[in-house]
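Novice: The structure follows.
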Amino acid sequence: MEILMAFVKAFAVGGLICVIGQILIDVFKLTPAHTLCSLVVAGALLSAFNIYPILVDFAGAGATTPISSFGNSLLTGACEGARENGFWGLFSGLYKSASSGIAAAVVFAFAAAVFFRPKG
Amino acid sequence: MAKKPQIAPHYAQIVKDNEPKRPLAANCLKAFAVGGGLCVLSQALREIFLFRGMSANEATAVYLVILIGLTALVTGLGFYDKWAQWAGAGLGVPITGFANSMTSAAMEHRSEGFVLGVGCNAFKLAGAVIVFGSVSAFFFALIKWMLGVL
């Protein structure tokens with residue numbers, strides 16, 4: 001039962017974040033790039049006020065799958081770095097928890113460019 | 001300063017009138033269903049990794065890598081862009097949209113060579129997200145550090 005609720009929460013929160021994105025595109029006429037940047041900055045801002053981690057606790061993958069979690073993990077990393085190493089830790093920590101996503105995107109994008117040709 | 005041409009406001013009105021109406025409700029419903037569905041898939045992967053004894057952070061990192069890999073594959077086969085056209089933000093906002101933008105930029109510019117094409121263009125769209133995410137997170141963290149509220 002608990003696991004079923006986890007799926008429902010993930011669906012609702014993840015879906016709602018996507019709806020916010022769709023509204024930014026359709027109602028506020030933002031380009032997709034502006035929409036994604038807004039969501040990432042919003043994620044970092046919510047994380048700065050310790051709201052995003054609460055959302056992650058509540059919705060699990062519903063909060064960590066949308067791109068806003070990228071802002072959250074960047075801020076979390078920078079704060080952790082600063083806690084350990086002061087000012088310079090802001091730099092060394094920034095990509096600490098976001099690194100696996102960036103690394104995977106670079107490696108797999110390159111692999112796709114090697115093995116596939118664009119269609120149409 | 002040049003005088004603003006008279007035609008401009010009139011023309012803008014014509015453009016506005018003839019713009020195809022965006023079906024907002026349908027678009028939002030699609031984004032909700034597809035984006036939510038993708039998050040349920042992620043949640044399933046997360047539950048599996050948590051069950052196998054990973055910490056929440058490890059599990060998140062691993063399933064994000066899996067999603068990104070799958071996206072690169074599906075983009076390479078030419079499906080992702082077709083689906084994304086239908087689902088809109090439902091496939092654009094999740095991390096898979098980020099992976100898709102890098103993969104399709106890398107593939108599209110492959111013909112210009114690996115260094116000048118793939119290397120220089122892979123971050124064409126994803127770069128904006130990384131730049132704005134990094135700069136905003138840096139300054140928010142800097143402010144928190146200066147206020148001593150880390």
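FYI, nothing fancy with the structure tokens labels: chains A, B, ... in order, residues from 1 per chain, ligands from 1 as they appear.
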Taking only C-alpha atoms into account and nothing else, which residues of chain A lie no more than 7 Å away from chain B? Please answer as JSON, numbers by chain.
Specialist: {"A": [7, 10, 11, 12, 14, 15, 16, 18, 19, 21, 22, 26, 33, 36, 37, 40, 41, 44, 48, 60, 61, 62, 65, 66, 67, 71, 74, 75, 78, 79, 82, 83, 90, 100, 101, 104, 105, 108, 109, 110, 112, 113, 116, 117, 118, 119]}
Novice: Could you jot down the CA of Met5 (chain A) to CA of Ala59 (chain A) separation for me, Å, one decimal place?
Specialist: 9.4 Å
